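Enquirer: Have a peek at data25.pdb (PDB, C-alpha atoms).
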```pdb
ATOM      1  CA  MET A   1     132.797  91.851-170.469
ATOM      2  CA  SER A   2     129.893  93.075-172.570
ATOM      3  CA  THR A   3     126.591  93.789-170.877
ATOM      4  CA  ARG A   4     123.437  92.626-172.546
ATOM      5  CA  ALA A   5     120.479  94.784-173.493
ATOM      6  CA  PRO A   6     117.791  94.921-170.780
ATOM      7  CA  ILE A   7     114.828  92.658-171.365
ATOM      8  CA  SER A   8     111.205  92.432-170.230
ATOM      9  CA  GLY A   9     109.586  89.032-169.730
ATOM     10  CA  VAL A  10     105.926  89.394-170.720
ATOM     11  CA  VAL A  11     103.135  86.936-169.894
ATOM     12  CA  THR A  12      99.342  87.035-170.292
ATOM     13  CA  THR A  13      97.301  84.980-167.850
ATOM     14  CA  PHE A  14      93.865  83.660-166.986
ATOM     15  CA  ASP A  15      93.509  81.018-164.259
ATOM     16  CA  ASN A  16      97.032  79.672-164.851
ATOM     17  CA  ALA A  17      98.017  78.848-161.277
ATOM     18  CA  ALA A  18      99.049  75.326-162.270
ATOM     19  CA  THR A  19     101.796  76.431-164.667
ATOM     20  CA  LEU A  20     102.632  80.073-163.903
ATOM     21  CA  GLU A  21     105.313  79.384-161.279
ATOM     22  CA  ALA A  22     107.487  77.470-163.738
ATOM     23  CA  CYS A  23     106.971  80.184-166.340
ATOM     24  CA  LEU A  24     107.955  83.089-164.096
ATOM     25  CA  ALA A  25     110.851  81.182-162.514
ATOM     26  CA  SER A  26     112.326  80.703-165.981
ATOM     27  CA  LEU A  27     112.115  84.472-166.519
ATOM     28  CA  ALA A  28     114.048  85.317-163.349
ATOM     29  CA  PHE A  29     117.009  86.590-165.412
ATOM     30  CA  CYS A  30     114.835  89.271-167.051
ATOM     31  CA  ASP A  31     115.136  92.857-165.836
ATOM     32  CA  GLU A  32     111.406  92.905-165.210
ATOM     33  CA  ARG A  33     108.480  90.505-165.433
ATOM     34  CA  VAL A  34     105.170  91.864-166.682
ATOM     35  CA  VAL A  35     101.946  89.908-166.159
ATOM     36  CA  LEU A  36      98.662  91.008-167.708
ATOM     37  CA  ASP A  37      95.754  89.076-166.223
ATOM     38  CA  SER A  38      92.252  88.728-167.676
ATOM     39  CA  GLY A  39      90.452  88.378-164.348
ATOM     40  CA  SER A  40      91.685  85.126-162.842
ATOM     41  CA  THR A  41      89.703  83.581-159.989
ATOM     42  CA  ASP A  42      92.435  81.177-158.853
ATOM     43  CA  ALA A  43      95.860  81.967-157.321
ATOM     44  CA  THR A  44      97.351  83.309-160.575
ATOM     45  CA  ARG A  45      97.776  86.909-159.442
ATOM     46  CA  ASP A  46      99.086  85.900-156.009
ATOM     47  CA  ILE A  47     101.751  83.756-157.680
ATOM     48  CA  ALA A  48     102.704  86.575-160.049
ATOM     49  CA  GLU A  49     103.103  89.042-157.181
ATOM     50  CA  ARG A  50     105.099  86.512-155.156
ATOM     51  CA  TYR A  51     107.565  86.261-158.044
ATOM     52  CA  GLY A  52     107.949  90.023-158.162
ATOM     53  CA  ALA A  53     106.055  90.537-161.412
ATOM     54  CA  ARG A  54     104.395  93.823-162.219
ATOM     55  CA  VAL A  55     100.748  92.757-162.447
ATOM     56  CA  SER A  56      97.976  94.532-164.350
ATOM     57  CA  VAL A  57      94.397  93.451-165.011
ATOM     58  CA  ARG A  58      92.463  94.015-168.227
ATOM     59  CA  PRO A  59      89.278  92.354-169.517
ATOM     60  CA  PHE A  60      89.999  89.904-172.320
ATOM     61  CA  GLU A  61      89.297  91.415-175.759
ATOM     62  CA  GLY A  62      90.959  88.816-177.954
ATOM     63  CA  TYR A  63      94.334  87.063-178.005
ATOM     64  CA  GLY A  64      96.108  89.595-180.213
ATOM     65  CA  PRO A  65      94.889  92.773-178.478
ATOM     66  CA  GLN A  66      95.549  91.283-175.030
ATOM     67  CA  LYS A  67      99.121  90.306-175.857
ATOM     68  CA  GLN A  68      99.770  93.647-177.556
ATOM     69  CA  HIS A  69      98.594  95.530-174.490
ATOM     70  CA  ALA A  70     100.890  93.385-172.328
ATOM     71  CA  ILE A  71     103.821  94.151-174.634
ATOM     72  CA  ASP A  72     103.015  97.865-174.463
ATOM     73  CA  LEU A  73     103.291  97.667-170.656
ATOM     74  CA  ALA A  74     106.912  96.523-170.890
ATOM     75  CA  THR A  75     109.508  99.081-169.813
ATOM     76  CA  HIS A  76     112.321  97.769-172.013
ATOM     77  CA  ASP A  77     112.488  97.556-175.790
ATOM     78  CA  TRP A  78     113.551  93.906-175.863
ATOM     79  CA  VAL A  79     110.655  91.612-174.989
ATOM     80  CA  LEU A  80     110.563  87.878-174.338
ATOM     81  CA  LEU A  81     106.934  86.844-174.810
ATOM     82  CA  LEU A  82     105.733  83.604-173.211
ATOM     83  CA  ASP A  83     102.344  82.067-172.541
ATOM     84  CA  ALA A  84     101.618  81.110-168.951
ATOM     85  CA  ASP A  85     101.933  77.407-169.797
ATOM     86  CA  GLU A  86     105.410  77.872-171.285
ATOM     87  CA  SER A  87     108.849  78.185-169.703
ATOM     88  CA  LEU A  88     112.316  78.971-170.977
ATOM     89  CA  THR A  89     114.959  76.263-170.615
ATOM     90  CA  ASP A  90     118.318  76.941-168.960
ATOM     91  CA  ALA A  91     120.012  76.533-172.341
ATOM     92  CA  GLY A  92     117.567  79.016-173.829
ATOM     93  CA  ARG A  93     118.286  81.572-171.130
ATOM     94  CA  ALA A  94     122.052  81.284-171.644
ATOM     95  CA  MET A  95     121.686  81.697-175.416
ATOM     96  CA  ILE A  96     119.472  84.775-175.047
ATOM     97  CA  GLU A  97     121.896  86.327-172.555
ATOM     98  CA  ARG A  98     124.763  85.899-175.021
ATOM     99  CA  THR A  99     122.782  87.088-178.033
ATOM    100  CA  LEU A 100     121.560  90.288-176.409
ATOM    101  CA  GLN A 101     125.129  91.371-175.699
ATOM    102  CA  ALA A 102     125.343  92.230-179.410
ATOM    103  CA  PRO A 103     122.011  91.564-181.156
ATOM    104  CA  ARG A 104     122.169  91.255-184.939
ATOM    105  CA  ALA A 105     118.429  91.264-185.628
ATOM    106  CA  ASP A 106     115.288  92.974-184.383
ATOM    107  CA  GLY A 107     113.636  89.655-183.599
ATOM    108  CA  TYR A 108     114.421  85.992-183.065
ATOM    109  CA  ARG A 109     112.421  82.819-183.546
ATOM    110  CA  LEU A 110     112.875  80.269-180.766
ATOM    111  CA  PRO A 111     112.200  76.505-180.913
ATOM    112  CA  ARG A 112     109.257  75.313-178.815
ATOM    113  CA  GLN A 113     109.421  71.856-177.263
ATOM    114  CA  GLU A 114     105.974  70.273-176.863
ATOM    115  CA  TRP A 115     104.465  68.235-174.051
ATOM    116  CA  LEU A 116     102.302  65.612-175.760
ATOM    117  CA  PHE A 117      99.741  64.197-173.332
ATOM    118  CA  TRP A 118     102.139  62.062-171.242
ATOM    119  CA  ARG A 119     105.621  62.777-172.639
ATOM    120  CA  TRP A 120     107.940  65.393-174.057
ATOM    121  CA  SER A 121     108.299  65.335-177.799
ATOM    122  CA  HIS A 122     111.155  63.187-179.098
ATOM    123  CA  ALA A 123     114.423  65.053-179.703
ATOM    124  CA  GLY A 124     114.301  63.951-183.332
ATOM    125  CA  ALA A 125     110.902  65.551-183.960
ATOM    126  CA  ARG A 126     111.000  69.004-185.541
ATOM    127  CA  ALA A 127     110.345  71.886-183.174
ATOM    128  CA  ASN A 128     107.780  74.600-183.752
ATOM    129  CA  TRP A 129     109.795  77.816-184.270
ATOM    130  CA  GLN A 130     108.081  81.009-183.132
ATOM    131  CA  LEU A 131     108.974  84.688-182.929
ATOM    132  CA  ARG A 132     109.134  85.302-179.169
ATOM    133  CA  LEU A 133     112.189  87.536-178.636
ATOM    134  CA  PHE A 134     111.957  90.945-180.310
ATOM    135  CA  ARG A 135     112.247  94.710-180.033
ATOM    136  CA  LYS A 136     108.758  95.966-179.206
ATOM    137  CA  SER A 137     109.518  99.141-181.177
ATOM    138  CA  ARG A 138     109.894  97.019-184.324
ATOM    139  CA  ALA A 139     107.083  94.472-183.868
ATOM    140  CA  ARG A 140     103.300  94.250-183.496
ATOM    141  CA  MET A 141     100.834  91.459-182.859
ATOM    142  CA  ASN A 142      98.950  90.454-185.995
ATOM    143  CA  THR A 143      95.153  90.321-186.142
ATOM    144  CA  VAL A 144      94.702  86.569-186.622
ATOM    145  CA  PRO A 145      92.161  85.379-184.019
ATOM    146  CA  VAL A 146      93.188  82.593-181.624
ATOM    147  CA  HIS A 147      96.652  82.146-183.201
ATOM    148  CA  ALA A 148      97.719  85.791-183.000
ATOM    149  CA  ALA A 149     101.507  86.171-183.159
ATOM    150  CA  PRO A 150     104.049  89.013-183.226
ATOM    151  CA  THR A 151     105.425  90.104-186.590
ATOM    152  CA  LEU A 152     108.310  92.433-187.372
ATOM    153  CA  ASP A 153     107.549  95.716-189.120
ATOM    154  CA  THR A 154     110.462  95.218-191.509
ATOM    155  CA  GLY A 155     112.945  92.473-192.170
ATOM    156  CA  ALA A 156     112.866  88.821-191.215
ATOM    157  CA  PRO A 157     113.591  87.341-187.779
ATOM    158  CA  GLN A 158     116.608  85.141-187.259
ATOM    159  CA  ASP A 159     116.459  81.661-185.753
ATOM    160  CA  LEU A 160     118.033  81.370-182.314
ATOM    161  CA  ASP A 161     118.609  77.976-180.698
ATOM    162  CA  ALA A 162     117.132  79.040-177.356
ATOM    163  CA  PRO A 163     114.523  76.362-176.543
ATOM    164  CA  PHE A 164     111.406  76.953-174.512
ATOM    165  CA  ARG A 165     108.871  74.384-173.379
ATOM    166  CA  HIS A 166     105.115  74.270-173.812
ATOM    167  CA  TYR A 167     103.150  72.311-171.231
ATOM    168  CA  GLY A 168     100.251  71.310-173.469
ATOM    169  CA  GLU A 169      96.981  69.657-172.600
ATOM    170  CA  PRO A 170      97.573  66.631-170.313
ATOM    171  CA  HIS A 171      94.517  64.731-171.505
ATOM    172  CA  LEU A 172      92.932  63.973-174.853
ATOM    173  CA  ALA A 173      89.620  65.430-173.649
ATOM    174  CA  ASP A 174      91.375  68.739-172.905
ATOM    175  CA  ARG A 175      92.884  68.792-176.394
ATOM    176  CA  VAL A 176      89.521  68.086-178.038
ATOM    177  CA  GLU A 177      87.870  70.872-176.014
ATOM    178  CA  LYS A 178      90.598  73.291-177.096
ATOM    179  CA  VAL A 179      90.315  72.195-180.733
ATOM    180  CA  ASN A 180      86.570  72.873-180.649
ATOM    181  CA  ARG A 181      87.028  76.292-179.030
ATOM    182  CA  TYR A 182      89.871  77.399-181.299
ATOM    183  CA  SER A 183      88.151  76.263-184.492
ATOM    184  CA  SER A 184      85.107  78.350-183.555
ATOM    185  CA  GLY A 185      87.393  81.320-182.977
ATOM    186  CA  MET A 186      88.861  80.962-186.476
ATOM    187  CA  VAL A 187      85.496  81.146-188.276
ATOM    188  CA  VAL A 188      85.368  84.963-188.314
ATOM    189  CA  ASN A 189      88.855  85.173-189.808
ATOM    190  CA  LYS A 190      88.120  82.527-192.453
ATOM    191  CA  ARG A 191      84.923  84.334-193.497
ATOM    192  CA  ARG A 192      86.633  87.684-194.100
ATOM    193  CA  LYS A 193      87.285  86.694-197.696
ATOM    194  CA  PRO A 194      85.863  83.946-199.910
ATOM    195  CA  ILE A 195      87.595  80.583-199.556
ATOM    196  CA  ARG A 196      88.158  78.926-202.906
ATOM    197  CA  GLY A 197      87.409  75.226-203.040
ATOM    198  CA  LEU A 198      85.900  75.117-199.564
ATOM    199  CA  GLY A 199      84.428  71.657-200.134
ATOM    200  CA  LEU A 200      87.766  70.237-201.240
ATOM    201  CA  ARG A 201      89.466  71.832-198.263
ATOM    202  CA  ILE A 202      86.996  70.172-195.893
ATOM    203  CA  VAL A 203      87.732  66.797-197.478
ATOM    204  CA  LEU A 204      91.466  67.013-198.205
ATOM    205  CA  GLN A 205      93.088  69.512-195.824
ATOM    206  CA  PRO A 206      92.733  67.320-192.714
ATOM    207  CA  TYR A 207      94.808  64.611-194.423
ATOM    208  CA  VAL A 208      97.421  67.180-195.453
ATOM    209  CA  ALA A 209      97.539  68.582-191.913
ATOM    210  CA  PHE A 210      97.999  65.096-190.455
ATOM    211  CA  LEU A 211     100.853  64.233-192.827
ATOM    212  CA  LYS A 212     102.623  67.555-192.276
ATOM    213  CA  LEU A 213     102.741  66.925-188.539
ATOM    214  CA  TYR A 214     103.092  63.151-188.373
ATOM    215  CA  ILE A 215     105.604  62.770-191.218
ATOM    216  CA  GLY A 216     106.881  66.291-191.961
ATOM    217  CA  LYS A 217     107.593  67.165-188.324
ATOM    218  CA  ARG A 218     108.435  63.548-187.455
ATOM    219  CA  TYR A 219     105.752  63.145-184.806
ATOM    220  CA  PHE A 220     105.807  59.416-185.600
ATOM    221  CA  LEU A 221     108.863  59.355-183.320
ATOM    222  CA  ASN A 222     106.560  60.149-180.400
ATOM    223  CA  GLY A 223     104.618  56.887-180.583
ATOM    224  CA  TRP A 224     100.928  57.031-179.737
ATOM    225  CA  ALA A 225     101.287  60.515-178.251
ATOM    226  CA  GLY A 226     102.506  61.809-181.617
ATOM    227  CA  PHE A 227      99.701  60.000-183.436
ATOM    228  CA  PHE A 228      97.094  61.501-181.099
ATOM    229  CA  ALA A 229      98.573  64.981-181.587
ATOM    230  CA  ALA A 230      98.563  64.657-185.385
ATOM    231  CA  ARG A 231      95.018  63.268-185.485
ATOM    232  CA  THR A 232      93.594  66.004-183.263
ATOM    233  CA  HIS A 233      95.414  68.597-185.388
ATOM    234  CA  ALA A 234      93.761  67.103-188.480
ATOM    235  CA  PHE A 235      90.397  67.246-186.688
ATOM    236  CA  TYR A 236      91.004  70.929-185.896
ATOM    237  CA  THR A 237      91.715  71.581-189.582
ATOM    238  CA  PHE A 238      88.475  69.841-190.542
ATOM    239  CA  LEU A 239      86.430  71.734-187.953
ATOM    240  CA  LYS A 240      87.636  75.223-188.864
ATOM    241  CA  TYR A 241      86.599  74.781-192.518
ATOM    242  CA  ALA A 242      83.442  72.805-191.724
ATOM    243  CA  LYS A 243      82.278  75.548-189.360
ATOM    244  CA  VAL A 244      82.767  78.146-192.099
ATOM    245  CA  LEU A 245      80.508  76.126-194.406
ATOM    246  CA  GLU A 246      77.999  75.706-191.597
ATOM    247  CA  ALA A 247      77.972  79.469-190.987
ATOM    248  CA  GLN A 248      77.507  80.137-194.703
ATOM    249  CA  ARG A 249      74.534  77.754-194.920
ATOM    250  CA  GLU A 250      72.929  79.264-191.841
ATOM    251  CA  ARG A 251      73.361  82.753-193.309
ATOM    252  CA  ASP A 252      71.880  81.715-196.660
ATOM    253  CA  GLN A 253      68.844  80.145-194.983
ATOM    254  CA  SER A 254      68.129  83.026-192.620
ATOM    255  CA  PRO A 255      65.037  85.085-193.498
TER
END
```
Is it possible to give me this structure as structure tokens?
Expert:
Amino acid sequence: MSTRAPISGVVTTFDNAATLEACLASLAFCDERVVLDSGSTDATRDIAERYGARVSVRPFEGYGPQKQHAIDLATHDWVLLLDADESLTDAGRAMIERTLQAPRADGYRLPRQEWLFWRWSHAGARANWQLRLFRKSRARMNTVPVHAAPTLDTGAPQDLDAPFRHYGEPHLADRVEKVNRYSSGMVVNKRRKPIRGLGLRIVLQPYVAFLKLYIGKRYFLNGWAGFFAARTHAFYTFLKYAKVLEAQRERDQSP
């Protein structure tokens, strides 16, 4: 029987006591679990140590740099990168175990199943595929603020039907707070180069974003939860462009 390549489960944390146990339990099959904490004040680090994770602490310097440092701490070349509010399903674990017996790519995109306020997303809705399983020697985190993600140095990742779950915000107020925070974080990135048709983007892009999620990804199958998710995503799209315009006007009016 073939043995699989060793793998490091990597997680970044900050006050994630409510969800970290499920995350680390789902990574029990990994050859090591690495947790990089940003200075939690709750039981996050105690939980990580109880699950046998190798815990380090580093002040938060941005999503991309923090995740990259966590990846660099991994002992093994193959990394499974999860957020602390995510967990791998049993089916996902089995698929990864089989795939790493004879990997055919340097990275794999996995389908993320979303918790939408009070329910899991409908099976007929389209999953959000993300690069989460990769050789750390062939991948780096990109520099996009807030939504930083790993990218392969060369070649394209393959899709692997190894689902993982994201325990999203349980309340609409939590989602709105996150939308406001994330849109502010995107302003610096959006201002790095001129945005053509900024006014039109402010007006039209929220509608496009809503339709892409509600119709394109079939969130209409999720009832009101899907509608709320699509509408708050449209609001996020509006805010990130509106805040760029606001910053431009404030800069132009400054003495």
Enquirer: Which is closest to Gly124 (chain A) among A:Pro163, A:Leu221, A:Asp72, A:Glu97, if we use all atoms listed in the file?
Expert: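 Ranking A:Pro163, A:Leu221, A:Asp72, A:Glu97 by distance to Gly124 (chain A), first place goes to A:Leu221.
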Enquirer: Using the chain letters and numbering of this document, enumerate as a list in words the residues selected by the PyMOL selection byres ((chain A and resi 203-220) around 6).
Expert: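 With the PyMOL selection byres ((chain A and resi 203-220) around 6) on this model, the match is Ala125, Arg126, Leu200, Arg201, Ile202, Leu221, Asn222, Gly223, Gly226, Ala230, Ala234, Thr237 and Phe238 of chain A.
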Enquirer: For the provided coordinates, the residues matched by the PyMOL selection byres ((chain A and resi 134) around 6) should be stated as an NGL selection string.
Expert: :A and (78-79 or 106-107 or 133 or 135)
Enquirer: Between CA of Val176 (chain A) and CA of Leu24 (chain A), what is the distance in Å, rounded to a tenth?
Expert: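 Interatomic distance, CA of Val176 (chain A) to CA of Leu24 (chain A): 27.6 Å.
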Enquirer: Which of these residues is nearest to Thr13 (chain A), using only C-alpha atoms: A:Arg45, A:Arg196, A:Arg181, A:Arg138?
Expert: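 Of A:Arg45, A:Arg196, A:Arg181, A:Arg138, the one nearest Thr13 (chain A) is A:Arg45, counting only C-alpha atoms.
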Enquirer: Can you list what the PyMOL selection byres ((chain A and resi 21) around 12) grabs from this structure, as an MDAnalysis selection string?
Expert: chainID A and resid 11 13 16:20 22:28 43:53 83:88
Enquirer: Using Å and a single decimal, report how far CA of Val144 (chain A) sits from CA of Gln66 (chain A).
Expert: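 Computing the Euclidean distance for CA of Gln66 (chain A) and CA of Val144 (chain A) yields 12.5 Å.
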Enquirer: Between A:Val244, A:Ala70, A:Val179, A:Ala162, which one has atoms that come closest to Pro111 (chain A), using all atoms listed in the file?
Expert: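 Of the candidates, the smallest distance to Pro111 (chain A) is held by A:Ala162.
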Enquirer: What lies within 10 Å of Trp118 (chain A) using all atoms listed in the file, ignoring chain neighbours under 6 positions off, as a list in words?
Expert: Gly168, Glu169, Pro170, His171, Trp224 and Ala225 of chain A
Enquirer: How would the residues just chosen look if you wrote them out with C-alpha atoms as a JSON list (two decimals), in the frame of the given file?
Expert:
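The resulting file, result-v3.json, is shown below:
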```json
[["chain", "number", "residue", "atom", "x", "y", "z"],
["A", 168, "GLY", "CA", 100.25, 71.31, -173.47],
["A", 169, "GLU", "CA", 96.98, 69.66, -172.60],
["A", 170, "PRO", "CA", 97.57, 66.63, -170.31],
["A", 171, "HIS", "CA", 94.52, 64.73, -171.50],
["A", 224, "TRP", "CA", 100.93, 57.03, -179.74],
["A", 225, "ALA", "CA", 101.29, 60.52, -178.25]]
```
Enquirer: Using only C-alpha atoms, which of A:Phe60, A:Asp174, A:Arg54, A:Tyr241 sits nearest Gly197 (chain A)?
Expert: A:Tyr241
Enquirer: Of the residues A:Arg140, A:Arg98, A:Arg58, A:His122, which is the one nearest to Arg4 (chain A), using all atoms listed in the file?
Expert: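 Using all atoms listed in the file, Arg4 (chain A) sits closest to A:Arg98.
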Enquirer: Could you please determine the separation between CA of Arg33 (chain A) and CA of Ala5 (chain A) in Å, to one decimal place?
Expert: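 Distance between the two atoms: 15.1 Å.
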Enquirer: I'd like the contact shell of Lys67 (chain A) - 12 Å cut-off, all atoms listed in the file, skipping same-chain residues fewer than 5 positions apart - returned as number ranges by chain.
Expert: A: 10-13, 34-38, 58-62, 72-74, 79-84, 132, 136, 140-143, 145-150
Enquirer: Given 6 Å on each side, where is the centre and what are the edge lengths in Å to one decimal of the axis-aligned box enclosing the listed atoms of region 191-205 of chain A, as JSON?
Expert:
```
{"center_x": 88.8, "center_y": 77.2, "center_z": -198.3, "size_x": 20.7, "size_y": 32.9, "size_z": 21.5}
```
